$ cat my_file.cif   # mmCIF, C-alpha atoms and all ligand atoms
data_start
#
loop_
_atom_site.label_atom_id
_atom_site.label_comp_id
_atom_site.auth_asym_id
_atom_site.auth_seq_id
_atom_site.Cartn_x
_atom_site.Cartn_y
_atom_site.Cartn_z
CA MET A 1 -44.44 -15.05 12.40
CA ARG A 2 -41.38 -17.05 13.49
CA LYS A 3 -38.33 -14.91 14.16
CA LYS A 4 -35.59 -15.22 11.56
CA THR A 5 -32.38 -16.60 12.96
CA ILE A 6 -29.07 -14.79 12.77
CA LEU A 7 -25.75 -16.62 12.64
CA VAL A 8 -22.85 -14.83 14.33
CA THR A 9 -19.44 -16.32 13.57
CA GLY A 10 -16.76 -15.43 16.09
CA GLY A 11 -19.51 -14.49 18.52
CA ALA A 12 -17.44 -15.59 21.53
CA GLY A 13 -14.68 -13.14 20.63
CA TYR A 14 -14.18 -9.57 21.76
CA ILE A 15 -16.22 -7.72 19.14
CA GLY A 16 -18.61 -10.56 18.31
CA SER A 17 -19.63 -11.05 21.94
CA HIS A 18 -20.57 -7.38 22.33
CA VAL A 19 -22.70 -7.56 19.19
CA VAL A 20 -24.34 -10.79 20.40
CA ARG A 21 -25.17 -9.06 23.68
CA GLN A 22 -26.84 -6.14 21.89
CA LEU A 23 -28.66 -8.44 19.45
CA GLY A 24 -29.92 -10.51 22.39
CA GLU A 25 -31.06 -7.41 24.24
CA ALA A 26 -32.93 -6.30 21.11
CA GLY A 27 -34.76 -9.66 21.09
CA HIS A 28 -33.11 -11.26 18.08
CA HIS A 29 -32.84 -15.03 17.71
CA ILE A 30 -29.14 -15.92 17.53
CA ILE A 31 -26.86 -18.87 16.83
CA VAL A 32 -23.19 -18.28 17.65
CA LEU A 33 -20.50 -20.20 15.81
CA ASP A 34 -17.04 -20.07 17.36
CA ASN A 35 -14.09 -22.45 17.42
CA LEU A 36 -13.05 -20.97 20.79
CA SER A 37 -9.46 -20.55 19.58
CA THR A 38 -9.46 -17.00 20.93
CA GLY A 39 -13.06 -16.67 22.09
CA PHE A 40 -14.62 -17.54 25.45
CA ARG A 41 -17.75 -19.57 26.10
CA GLU A 42 -18.68 -17.32 29.02
CA ALA A 43 -18.60 -14.22 26.80
CA VAL A 44 -21.68 -15.47 24.93
CA LEU A 45 -24.55 -13.98 26.92
CA HIS A 46 -27.36 -14.74 24.45
CA GLY A 47 -28.29 -17.36 21.89
CA GLU A 48 -26.97 -20.85 21.38
CA LEU A 49 -23.21 -21.44 21.06
CA MET A 50 -22.12 -24.04 18.50
CA GLU A 51 -18.46 -24.97 18.66
CA GLY A 52 -17.08 -25.24 15.14
CA ASP A 53 -15.03 -23.66 12.42
CA THR A 54 -15.95 -21.50 9.45
CA GLY A 55 -13.66 -23.75 7.37
CA ASP A 56 -15.83 -26.80 8.06
CA ARG A 57 -18.16 -26.73 5.06
CA PRO A 58 -20.42 -29.70 5.90
CA PHE A 59 -20.92 -28.37 9.42
CA ILE A 60 -21.72 -24.84 8.22
CA THR A 61 -24.08 -26.09 5.53
CA GLN A 62 -25.97 -28.16 8.06
CA LEU A 63 -26.10 -25.27 10.51
CA LEU A 64 -27.46 -22.81 7.95
CA ARG A 65 -30.14 -25.23 6.79
CA GLU A 66 -31.17 -26.60 10.18
CA HIS A 67 -31.65 -23.16 11.67
CA ASP A 68 -33.04 -21.55 8.55
CA ILE A 69 -30.49 -18.73 8.80
CA GLU A 70 -31.49 -15.52 7.06
CA SER A 71 -28.61 -13.24 8.09
CA VAL A 72 -24.94 -13.88 8.87
CA LEU A 73 -22.63 -11.59 10.81
CA HIS A 74 -19.08 -12.74 10.18
CA PHE A 75 -16.55 -11.81 12.88
CA ALA A 76 -14.41 -14.96 13.03
CA ALA A 77 -10.93 -13.89 11.95
CA HIS A 78 -7.34 -13.39 13.00
CA ILE A 79 -6.75 -9.72 13.76
CA VAL A 80 -3.16 -9.01 14.75
CA VAL A 81 -1.32 -6.92 12.17
CA PRO A 82 2.31 -7.84 13.13
CA GLU A 83 1.41 -11.53 13.34
CA SER A 84 0.00 -11.32 9.81
CA VAL A 85 3.40 -10.09 8.66
CA SER A 86 5.27 -13.00 10.27
CA ASP A 87 2.67 -15.67 9.45
CA PRO A 88 0.76 -14.48 6.36
CA LEU A 89 -0.73 -17.82 5.34
CA LYS A 90 -2.46 -18.13 8.69
CA TYR A 91 -4.29 -14.91 7.77
CA TYR A 92 -5.07 -15.83 4.17
CA GLY A 93 -6.25 -19.24 5.40
CA ASN A 94 -8.63 -18.08 8.08
CA ASN A 95 -9.61 -14.60 6.90
CA THR A 96 -9.83 -15.27 3.17
CA CYS A 97 -10.18 -19.02 2.46
CA ASN A 98 -12.55 -19.68 5.35
CA THR A 99 -14.62 -16.64 4.39
CA ARG A 100 -14.89 -18.05 0.88
CA ASN A 101 -16.03 -21.32 2.37
CA LEU A 102 -18.64 -19.59 4.51
CA LEU A 103 -19.85 -17.52 1.55
CA ALA A 104 -20.22 -20.61 -0.62
CA ALA A 105 -22.33 -22.27 2.06
CA CYS A 106 -24.40 -19.08 2.47
CA ALA A 107 -25.01 -18.83 -1.26
CA ALA A 108 -26.11 -22.45 -1.43
CA ALA A 109 -28.43 -22.05 1.56
CA GLY A 110 -30.01 -18.82 0.26
CA VAL A 111 -28.80 -16.56 3.09
CA LYS A 112 -30.10 -13.06 2.38
CA HIS A 113 -27.89 -10.71 4.39
CA PHE A 114 -24.21 -10.83 5.21
CA ILE A 115 -22.42 -8.36 7.47
CA PHE A 116 -18.68 -8.51 7.20
CA SER A 117 -16.10 -7.26 9.69
CA SER A 118 -13.58 -5.45 7.58
CA THR A 119 -10.90 -3.07 8.63
CA ALA A 120 -9.25 0.30 8.15
CA ALA A 121 -6.17 -1.72 7.24
CA VAL A 122 -7.58 -2.05 3.69
CA TYR A 123 -6.60 1.60 3.08
CA GLY A 124 -2.88 1.16 3.66
CA ILE A 125 -1.20 4.53 4.11
CA PRO A 126 -3.73 7.26 3.36
CA PRO A 127 -2.01 10.36 1.91
CA ASN A 128 -3.63 12.84 4.33
CA MET A 129 -4.24 10.48 7.29
CA GLU A 130 -7.97 10.29 6.49
CA CYS A 131 -9.77 7.46 4.76
CA ALA A 132 -13.14 7.75 3.03
CA GLU A 133 -14.90 4.64 1.79
CA ASP A 134 -13.92 5.51 -1.78
CA SER A 135 -10.28 6.27 -0.93
CA PRO A 136 -7.71 4.08 -2.70
CA LEU A 137 -7.49 0.56 -1.30
CA ALA A 138 -3.84 -0.33 -0.91
CA PRO A 139 -3.25 -2.45 2.20
CA ILE A 140 0.34 -2.63 3.40
CA ASN A 141 0.10 -5.82 5.45
CA PRO A 142 -1.26 -9.34 4.92
CA TYR A 143 -4.03 -8.72 7.46
CA GLY A 144 -5.43 -5.86 5.38
CA ARG A 145 -5.03 -7.82 2.16
CA SER A 146 -6.72 -10.90 3.60
CA LYS A 147 -9.74 -8.75 4.51
CA LEU A 148 -9.81 -6.83 1.25
CA MET A 149 -9.93 -10.06 -0.73
CA SER A 150 -12.97 -11.07 1.28
CA GLU A 151 -14.62 -7.73 0.54
CA TRP A 152 -14.10 -8.38 -3.16
CA MET A 153 -15.51 -11.91 -2.95
CA LEU A 154 -18.55 -10.55 -1.21
CA GLN A 155 -19.10 -7.82 -3.82
CA ASP A 156 -18.75 -10.29 -6.67
CA LEU A 157 -21.05 -12.81 -5.03
CA ALA A 158 -23.67 -10.14 -4.34
CA ALA A 159 -23.54 -9.07 -8.00
CA ALA A 160 -24.15 -12.67 -9.06
CA SER A 161 -26.85 -13.60 -6.51
CA HIS A 162 -29.59 -12.28 -4.24
CA LEU A 163 -27.26 -11.87 -1.28
CA ARG A 164 -26.96 -8.31 0.06
CA TYR A 165 -24.06 -7.27 2.26
CA GLY A 166 -22.88 -4.64 4.67
CA VAL A 167 -19.12 -4.23 4.89
CA LEU A 168 -18.10 -2.42 8.06
CA ARG A 169 -14.52 -1.18 8.08
CA TYR A 170 -13.47 -0.92 11.71
CA PHE A 171 -10.91 1.54 12.91
CA ASN A 172 -9.30 0.86 16.31
CA VAL A 173 -11.85 -0.81 18.53
CA ALA A 174 -11.35 -0.55 22.29
CA GLY A 175 -13.17 -0.31 25.59
CA ALA A 176 -15.63 -2.76 27.09
CA ASP A 177 -19.29 -3.26 27.94
CA PRO A 178 -20.20 -0.28 30.18
CA GLY A 179 -22.21 -2.76 32.30
CA GLY A 180 -18.98 -4.65 33.02
CA ARG A 181 -20.28 -8.07 31.90
CA ILE A 182 -17.87 -8.64 29.00
CA GLY A 183 -14.69 -7.14 27.59
CA GLN A 184 -11.47 -8.02 25.82
CA SER A 185 -9.97 -11.12 27.39
CA THR A 186 -7.48 -12.16 24.71
CA PRO A 187 -4.33 -13.65 26.21
CA LYS A 188 -1.08 -12.22 24.80
CA ALA A 189 -2.96 -9.13 23.66
CA THR A 190 -1.18 -6.74 21.32
CA HIS A 191 -3.68 -3.87 21.08
CA LEU A 192 -2.48 -0.63 22.58
CA ILE A 193 -5.23 0.20 25.08
CA LYS A 194 -5.51 -3.41 26.24
CA VAL A 195 -1.74 -3.69 26.68
CA ALA A 196 -1.62 -0.38 28.58
CA CYS A 197 -4.42 -1.53 30.90
CA GLU A 198 -2.51 -4.77 31.54
CA ALA A 199 0.49 -2.65 32.52
CA VAL A 200 -1.68 -0.65 34.94
CA VAL A 201 -2.89 -3.77 36.75
CA GLY A 202 0.64 -5.23 36.91
CA LYS A 203 0.37 -7.94 34.25
CA ARG A 204 3.25 -6.25 32.40
CA ASP A 205 6.20 -4.38 33.85
CA HIS A 206 6.43 -1.82 31.02
CA ILE A 207 4.93 -0.74 27.72
CA ASP A 208 6.78 -0.15 24.46
CA ILE A 209 6.01 2.62 22.00
CA PHE A 210 6.71 1.13 18.58
CA GLY A 211 8.24 3.98 16.62
CA THR A 212 8.68 7.63 17.57
CA ASP A 213 9.89 8.85 14.17
CA TYR A 214 6.61 8.79 12.22
CA PRO A 215 5.54 11.91 10.28
CA THR A 216 3.01 12.87 12.97
CA PRO A 217 3.06 15.78 15.46
CA ASP A 218 4.63 13.75 18.30
CA GLY A 219 6.29 11.11 16.09
CA THR A 220 4.03 8.25 17.25
CA CYS A 221 1.26 6.59 15.22
CA ILE A 222 -2.23 8.06 15.16
CA ARG A 223 -5.39 5.94 15.24
CA ASP A 224 -9.13 6.57 15.41
CA TYR A 225 -10.21 4.69 18.57
CA ILE A 226 -13.88 3.67 18.64
CA HIS A 227 -15.75 2.39 21.70
CA ILE A 228 -16.83 -1.23 21.31
CA GLU A 229 -20.36 -0.33 22.37
CA ASP A 230 -20.77 2.17 19.51
CA LEU A 231 -19.22 -0.28 17.07
CA ALA A 232 -21.57 -3.05 18.18
CA HIS A 233 -24.55 -0.75 17.76
CA ALA A 234 -23.50 -0.05 14.16
CA HIS A 235 -24.03 -3.77 13.47
CA ILE A 236 -27.58 -3.72 14.83
CA LEU A 237 -28.36 -0.76 12.58
CA ALA A 238 -26.62 -2.37 9.59
CA LEU A 239 -28.72 -5.49 9.99
CA ASP A 240 -31.96 -3.50 10.29
CA HIS A 241 -30.93 -1.56 7.19
CA LEU A 242 -30.45 -4.69 5.08
CA ARG A 243 -33.57 -6.32 6.48
CA GLY A 244 -35.49 -3.20 5.47
CA GLY A 245 -34.54 -3.94 1.87
CA ALA A 246 -31.62 -1.52 1.46
CA PRO A 247 -28.93 -2.29 -1.12
CA SER A 248 -25.46 -3.53 -0.19
CA PHE A 249 -23.13 -0.95 1.32
CA THR A 250 -19.66 -0.34 2.73
CA ALA A 251 -19.12 2.01 5.67
CA ASN A 252 -16.28 3.10 7.90
CA CYS A 253 -16.71 2.66 11.64
CA GLY A 254 -14.73 5.37 13.39
CA TYR A 255 -15.31 8.74 14.99
CA GLY A 256 -13.35 10.85 12.52
CA HIS A 257 -10.59 12.00 14.84
CA GLY A 258 -7.39 10.40 16.01
CA TYR A 259 -5.05 10.13 18.98
CA SER A 260 -1.35 9.39 18.98
CA VAL A 261 0.13 6.48 20.92
CA ARG A 262 1.55 8.98 23.43
CA GLU A 263 -1.81 10.68 23.87
CA VAL A 264 -3.45 7.33 24.54
CA LEU A 265 -0.82 6.39 27.11
CA ASP A 266 -1.19 9.80 28.77
CA MET A 267 -4.92 9.18 29.08
CA VAL A 268 -4.37 5.70 30.54
CA GLN A 269 -2.06 7.21 33.16
CA GLN A 270 -4.54 10.01 33.93
CA VAL A 271 -7.50 7.67 34.29
CA SER A 272 -5.63 5.09 36.35
CA GLY A 273 -3.41 7.43 38.35
CA ALA A 274 -0.57 4.99 37.63
CA LYS A 275 2.85 5.99 36.34
CA LEU A 276 3.73 3.55 33.56
CA ASP A 277 7.23 2.53 32.53
CA ILE A 278 7.02 3.64 28.88
CA ARG A 279 9.91 2.72 26.56
CA ASP A 280 10.56 4.07 23.08
CA VAL A 281 11.53 1.22 20.74
CA PRO A 282 11.86 0.88 16.94
CA ARG A 283 8.87 0.69 14.62
CA ARG A 284 6.77 -2.48 14.44
CA ALA A 285 6.31 -4.14 11.04
CA GLY A 286 3.13 -3.32 9.14
CA ASP A 287 2.08 -0.14 11.00
CA PRO A 288 0.81 2.80 8.91
CA PRO A 289 1.62 6.22 10.47
CA ALA A 290 -1.99 7.38 10.76
CA LEU A 291 -5.50 6.06 10.13
CA ILE A 292 -8.49 8.31 10.69
CA ALA A 293 -11.98 7.61 9.41
CA ARG A 294 -14.07 9.87 7.28
CA ALA A 295 -17.15 8.91 9.21
CA GLU A 296 -20.06 10.64 7.50
CA ARG A 297 -21.47 7.75 5.50
CA ILE A 298 -22.40 5.54 8.44
CA ARG A 299 -24.27 8.41 10.09
CA VAL A 300 -26.25 9.28 6.98
CA LEU A 301 -26.90 5.73 5.79
CA LEU A 302 -27.61 3.98 9.09
CA GLY A 303 -28.55 6.90 11.32
CA TRP A 304 -25.68 5.88 13.58
CA SER A 305 -24.92 8.37 16.29
CA PRO A 306 -22.11 7.48 18.69
CA ARG A 307 -22.81 7.61 22.42
CA HIS A 308 -19.29 6.96 23.74
CA ASN A 309 -17.12 9.21 21.59
CA ASP A 310 -14.67 9.98 24.37
CA LEU A 311 -11.18 8.54 24.83
CA ARG A 312 -11.45 8.91 28.62
CA GLU A 313 -14.59 6.76 28.64
CA ILE A 314 -13.02 4.15 26.34
CA VAL A 315 -10.02 3.87 28.65
CA THR A 316 -12.17 3.89 31.80
CA HIS A 317 -14.26 0.96 30.58
CA ALA A 318 -11.22 -0.97 29.29
CA LEU A 319 -9.51 -0.52 32.64
CA ALA A 320 -12.59 -1.50 34.64
CA TRP A 321 -12.75 -4.74 32.66
CA GLU A 322 -9.02 -5.41 33.07
CA ARG A 323 -9.37 -5.00 36.84
CA ARG A 324 -12.29 -7.42 36.88
CA LEU A 325 -10.44 -10.10 34.85
N1 LIG A 401 1.39 0.17 19.87
C1 LIG A 401 2.47 0.46 20.67
N2 LIG A 401 2.73 -0.38 21.71
C2 LIG A 401 1.99 -1.49 21.98
C3 LIG A 401 0.89 -1.78 21.15
C4 LIG A 401 0.62 -0.94 20.09
O1 LIG A 401 3.19 1.44 20.45
O2 LIG A 401 2.31 -2.21 22.94
C5 LIG A 401 1.07 1.07 18.75
C6 LIG A 401 1.16 0.38 17.39
O3 LIG A 401 2.48 0.37 16.92
C7 LIG A 401 0.21 1.24 16.59
C8 LIG A 401 -0.86 1.68 17.59
O4 LIG A 401 -0.27 1.48 18.87
O5 LIG A 401 0.87 2.36 16.13
C9 LIG A 401 -2.12 0.86 17.51
O6 LIG A 401 -1.75 -0.51 17.50
P1 LIG A 401 -2.77 -1.68 17.82
O7 LIG A 401 -1.99 -2.95 17.85
O8 LIG A 401 -3.58 -1.33 19.00
O9 LIG A 401 -3.79 -1.66 16.59
P2 LIG A 401 -3.49 -1.65 15.02
O10 LIG A 401 -3.65 -0.21 14.57
O11 LIG A 401 -2.23 -2.33 14.67
O12 LIG A 401 -4.64 -2.54 14.46
C10 LIG A 401 -5.96 -2.39 14.87
C11 LIG A 401 -6.70 -3.68 14.63
C12 LIG A 401 -6.85 -3.94 13.17
C13 LIG A 401 -7.40 -2.73 12.46
C14 LIG A 401 -6.60 -1.50 12.77
C15 LIG A 401 -7.26 -0.33 12.12
O13 LIG A 401 -6.03 -4.77 15.22
O14 LIG A 401 -7.75 -5.00 13.03
O15 LIG A 401 -6.57 -1.34 14.18
O16 LIG A 401 -6.59 0.85 12.40
F1 LIG A 401 -7.32 -2.92 11.13
#
$ encode --input "my_file.cif" --output "structure tokens"
Amino acid sequence: MRKKTILVTGGAGYIGSHVVRQLGEAGHHIIVLDNLSTGFREAVLHGELMEGDTGDRPFITQLLREHDIESVLHFAAHIVVPESVSDPLKYYGNNTCNTRNLLAACAAAGVKHFIFSSTAAVYGIPPNMECAEDSPLAPINPYGRSKLMSEWMLQDLAAASHLRYGVLRYFNVAGADPGGRIGQSTPKATHLIKVACEAVVGKRDHIDIFGTDYPTPDGTCIRDYIHIEDLAHAHILALDHLRGGAPSFTANCGYGHGYSVREVLDMVQQVSGAKLDIRDVPRRAGDPPALIARAERIRVLLGWSPRHNDLREIVTHALAWERRL
């Protein structure tokens, strides 16, 4: 039987490229769609890269039909929380409107499975730091809202059609391919571990801590950092799950424990042996104090079992990649 083709949007980006690598290693047949606005051609290690945009309906329609796409993994998105606050329409345009466009093309082409990259930002400020999948959804920034609207579209479309979906809500993704082939290459990065690694290798002269007056033990924000390799593996399992006939689902992707900004920076200094110039500055717009996953569902539903649940390892791999860049 001919292998069913998988379309991966944003497959040249940080998270998408790690998933493409694992899909390729597992022998899947892949088409990558990326407009290369933040992605890199050389990060695509498997499959065929098509340069294009999820907003380009005729192009997407043709792609889905020509390659007889059965499953779509949708990573293409803008992902920077503070930028979403200063330029919200950029986020609603790409993350919401373009997702609608992609979904319409998928529905018309009879795509069966859709895996959507959602985010912990849909929870807003959880009352006790922890978020379960059925916790209230109350995003506090346009990024979270742009993603939540896409979740709703997907749910409604699935109810009205044969499409089945997996929504994966990512907590803070970091680290790099343990084999050192790919990693996060984004210029002007804003993510904490990436920024700290850039400071270690001398690309920045200091690092700011945005806010030291949060209601957390050391006053800095707490996040649940998940290794990119474990996150990517969750996608392989999610796809297998849907292909096996399972109903649509939503699952958090995190480890279930958090680290403060200071703890992360301490670890970066320990791993690198470097002394960073760390400056306390006021809060950044759009940051919730703490986001920690309730992470049982993904284990039970998908049989996911993390292999890199270790902040030291996350930082070690992120730093190794930064040094290679
Ligand atoms: N931070 C600093 N200094 C920096 C960079 C970040 O203090 O130079 C702090 C932030 O203020 C925040 C924490 O580190 O408190 C984490 O910030 P990141 O920018 O690394 O990540 P975010 O938590 O803002 O967002 C990320 C993803 C989102 C996802 C979210 C889920 O970008 O897609 O994690 O928790 F929704």
$ closest_residue --input "my_file.cif" --among "A:Asp68, A:Glu229, A:Asp213, A:Asp87" --to "ligand LIG 401 (chain A)" --atoms "only C-alpha atoms and all ligand atoms"
A:Asp213
$ atom_distance --input "my_file.cif" --atom1 "CA of Tyr92 in chain A" --atom2 "CA of Met149 in chain A"
9.0 Å
$ residues_near_ligand --input "my_file.cif" --ligand "ligand LIG 401 (chain A)" --cutoff "7 Å" --atoms "only C-alpha atoms and all ligand atoms" --output "MDAnalysis selection string"
chainID A and resid 79:81 119:121 144 170:173 190:193 195 207:211 220:224 261 283:284 287 289 291
$ residues_near_point --input "my_file.cif" --point "(-18.7, 0.6, 29.1)" --cutoff "10 Å" --atoms "all atoms listed in the file" --output "PyMOL selection string"
chain A and resi 175-183+227-230+308+313-321
$ residues_around --input "my_file.cif" --residues "range 106-116 of chain A" --least-positions-apart "6" --cutoff "9 Å" --atoms "all atoms listed in the file" --output "PDB file with C-alpha atoms, in the frame of the given file"
ATOM      1  CA  ILE A  60     -21.720 -24.840   8.220  1.00  0.00           C
ATOM      2  CA  THR A  61     -24.080 -26.090   5.530  1.00  0.00           C
ATOM      3  CA  LEU A  64     -27.460 -22.810   7.950  1.00  0.00           C
ATOM      4  CA  ARG A  65     -30.140 -25.230   6.790  1.00  0.00           C
ATOM      5  CA  ASP A  68     -33.040 -21.550   8.550  1.00  0.00           C
ATOM      6  CA  ILE A  69     -30.490 -18.730   8.800  1.00  0.00           C
ATOM      7  CA  GLU A  70     -31.490 -15.520   7.060  1.00  0.00           C
ATOM      8  CA  SER A  71     -28.610 -13.240   8.090  1.00  0.00           C
ATOM      9  CA  VAL A  72     -24.940 -13.880   8.870  1.00  0.00           C
ATOM     10  CA  LEU A  73     -22.630 -11.590  10.810  1.00  0.00           C
ATOM     11  CA  HIS A  74     -19.080 -12.740  10.180  1.00  0.00           C
ATOM     12  CA  PHE A  75     -16.550 -11.810  12.880  1.00  0.00           C
ATOM     13  CA  SER A 150     -12.970 -11.070   1.280  1.00  0.00           C
ATOM     14  CA  GLU A 151     -14.620  -7.730   0.540  1.00  0.00           C
ATOM     15  CA  LEU A 154     -18.550 -10.550  -1.210  1.00  0.00           C
ATOM     16  CA  LEU A 157     -21.050 -12.810  -5.030  1.00  0.00           C
ATOM     17  CA  SER A 161     -26.850 -13.600  -6.510  1.00  0.00           C
ATOM     18  CA  HIS A 162     -29.590 -12.280  -4.240  1.00  0.00           C
ATOM     19  CA  LEU A 163     -27.260 -11.870  -1.280  1.00  0.00           C
ATOM     20  CA  ARG A 164     -26.960  -8.310   0.060  1.00  0.00           C
ATOM     21  CA  TYR A 165     -24.060  -7.270   2.260  1.00  0.00           C
ATOM     22  CA  GLY A 166     -22.880  -4.640   4.670  1.00  0.00           C
ATOM     23  CA  VAL A 167     -19.120  -4.230   4.890  1.00  0.00           C
ATOM     24  CA  LEU A 168     -18.100  -2.420   8.060  1.00  0.00           C
ATOM     25  CA  ARG A 169     -14.520  -1.180   8.080  1.00  0.00           C
ATOM     26  CA  HIS A 235     -24.030  -3.770  13.470  1.00  0.00           C
ATOM     27  CA  ALA A 238     -26.620  -2.370   9.590  1.00  0.00           C
ATOM     28  CA  LEU A 239     -28.720  -5.490   9.990  1.00  0.00           C
ATOM     29  CA  LEU A 242     -30.450  -4.690   5.080  1.00  0.00           C
ATOM     30  CA  ARG A 243     -33.570  -6.320   6.480  1.00  0.00           C
ATOM     31  CA  SER A 248     -25.460  -3.530  -0.190  1.00  0.00           C
TER      32      SER A 248
END
$ closest_residue --input "my_file.cif" --among "A:Val19, A:Ala274, A:Ala293, A:Ile6" --to "Glu133 in chain A" --atoms "all atoms listed in the file"
A:Ala293
$ atom_distance --input "my_file.cif" --atom1 "CA of Gly93 in chain A" --atom2 "CA of Met153 in chain A"
14.5 Å
$ decode --input "my_file.cif" --residues "range 135-156 of chain A" --atoms "N, CA and C atoms" --output "PDB file, in the first residue's frame"
ATOM      1  N   SER A 135      -9.012  23.206  32.719  1.00  0.00           N
ATOM      2  CA  SER A 135      -8.952  24.455  33.489  1.00  0.00           C
ATOM      3  C   SER A 135      -9.585  25.572  32.660  1.00  0.00           C
ATOM      4  N   PRO A 136     -10.001  26.663  33.321  1.00  0.00           N
ATOM      5  CA  PRO A 136     -10.586  27.768  32.561  1.00  0.00           C
ATOM      6  C   PRO A 136      -9.615  28.308  31.504  1.00  0.00           C
ATOM      7  N   LEU A 137     -10.181  28.653  30.359  1.00  0.00           N
ATOM      8  CA  LEU A 137      -9.361  29.199  29.268  1.00  0.00           C
ATOM      9  C   LEU A 137      -9.564  30.708  29.252  1.00  0.00           C
ATOM     10  N   ALA A 138      -8.540  31.431  29.637  1.00  0.00           N
ATOM     11  CA  ALA A 138      -8.681  32.883  29.761  1.00  0.00           C
ATOM     12  C   ALA A 138      -7.359  33.562  29.414  1.00  0.00           C
ATOM     13  N   PRO A 139      -6.956  33.472  28.144  1.00  0.00           N
ATOM     14  CA  PRO A 139      -5.655  34.020  27.753  1.00  0.00           C
ATOM     15  C   PRO A 139      -5.540  35.504  28.079  1.00  0.00           C
ATOM     16  N   ILE A 140      -4.329  35.928  28.443  1.00  0.00           N
ATOM     17  CA  ILE A 140      -4.135  37.332  28.816  1.00  0.00           C
ATOM     18  C   ILE A 140      -3.335  38.088  27.763  1.00  0.00           C
ATOM     19  N   ASN A 141      -3.013  37.447  26.656  1.00  0.00           N
ATOM     20  CA  ASN A 141      -2.287  38.169  25.601  1.00  0.00           C
ATOM     21  C   ASN A 141      -2.827  37.740  24.233  1.00  0.00           C
ATOM     22  N   PRO A 142      -2.597  38.586  23.218  1.00  0.00           N
ATOM     23  CA  PRO A 142      -3.133  38.266  21.887  1.00  0.00           C
ATOM     24  C   PRO A 142      -2.605  36.944  21.332  1.00  0.00           C
ATOM     25  N   TYR A 143      -1.378  36.597  21.690  1.00  0.00           N
ATOM     26  CA  TYR A 143      -0.834  35.310  21.226  1.00  0.00           C
ATOM     27  C   TYR A 143      -1.740  34.163  21.685  1.00  0.00           C
ATOM     28  N   GLY A 144      -2.030  34.135  22.983  1.00  0.00           N
ATOM     29  CA  GLY A 144      -2.879  33.077  23.529  1.00  0.00           C
ATOM     30  C   GLY A 144      -4.272  33.101  22.916  1.00  0.00           C
ATOM     31  N   ARG A 145      -4.798  34.301  22.722  1.00  0.00           N
ATOM     32  CA  ARG A 145      -6.150  34.400  22.134  1.00  0.00           C
ATOM     33  C   ARG A 145      -6.147  33.926  20.688  1.00  0.00           C
ATOM     34  N   SER A 146      -5.092  34.286  19.954  1.00  0.00           N
ATOM     35  CA  SER A 146      -5.035  33.891  18.533  1.00  0.00           C
ATOM     36  C   SER A 146      -5.004  32.374  18.406  1.00  0.00           C
ATOM     37  N   LYS A 147      -4.374  31.706  19.353  1.00  0.00           N
ATOM     38  CA  LYS A 147      -4.291  30.237  19.327  1.00  0.00           C
ATOM     39  C   LYS A 147      -5.592  29.602  19.818  1.00  0.00           C
ATOM     40  N   LEU A 148      -6.192  30.214  20.828  1.00  0.00           N
ATOM     41  CA  LEU A 148      -7.445  29.660  21.358  1.00  0.00           C
ATOM     42  C   LEU A 148      -8.550  29.719  20.301  1.00  0.00           C
ATOM     43  N   MET A 149      -8.575  30.805  19.553  1.00  0.00           N
ATOM     44  CA  MET A 149      -9.593  30.899  18.497  1.00  0.00           C
ATOM     45  C   MET A 149      -9.419  29.771  17.481  1.00  0.00           C
ATOM     46  N   SER A 150      -8.172  29.433  17.205  1.00  0.00           N
ATOM     47  CA  SER A 150      -7.926  28.332  16.263  1.00  0.00           C
ATOM     48  C   SER A 150      -8.362  27.002  16.857  1.00  0.00           C
ATOM     49  N   GLU A 151      -8.144  26.832  18.165  1.00  0.00           N
ATOM     50  CA  GLU A 151      -8.637  25.602  18.804  1.00  0.00           C
ATOM     51  C   GLU A 151     -10.152  25.492  18.619  1.00  0.00           C
ATOM     52  N   TRP A 152     -10.837  26.602  18.828  1.00  0.00           N
ATOM     53  CA  TRP A 152     -12.309  26.577  18.709  1.00  0.00           C
ATOM     54  C   TRP A 152     -12.750  26.262  17.282  1.00  0.00           C
ATOM     55  N   MET A 153     -12.055  26.873  16.310  1.00  0.00           N
ATOM     56  CA  MET A 153     -12.412  26.580  14.909  1.00  0.00           C
ATOM     57  C   MET A 153     -12.274  25.092  14.628  1.00  0.00           C
ATOM     58  N   LEU A 154     -11.187  24.547  15.131  1.00  0.00           N
ATOM     59  CA  LEU A 154     -10.895  23.140  14.891  1.00  0.00           C
ATOM     60  C   LEU A 154     -11.968  22.246  15.527  1.00  0.00           C
ATOM     61  N   GLN A 155     -12.338  22.560  16.755  1.00  0.00           N
ATOM     62  CA  GLN A 155     -13.393  21.784  17.434  1.00  0.00           C
ATOM     63  C   GLN A 155     -14.696  21.842  16.655  1.00  0.00           C
ATOM     64  N   ASP A 156     -15.052  23.048  16.225  1.00  0.00           N
ATOM     65  CA  ASP A 156     -16.325  23.216  15.520  1.00  0.00           C
ATOM     66  C   ASP A 156     -16.296  22.508  14.169  1.00  0.00           C
TER      67      ASP A 156
END
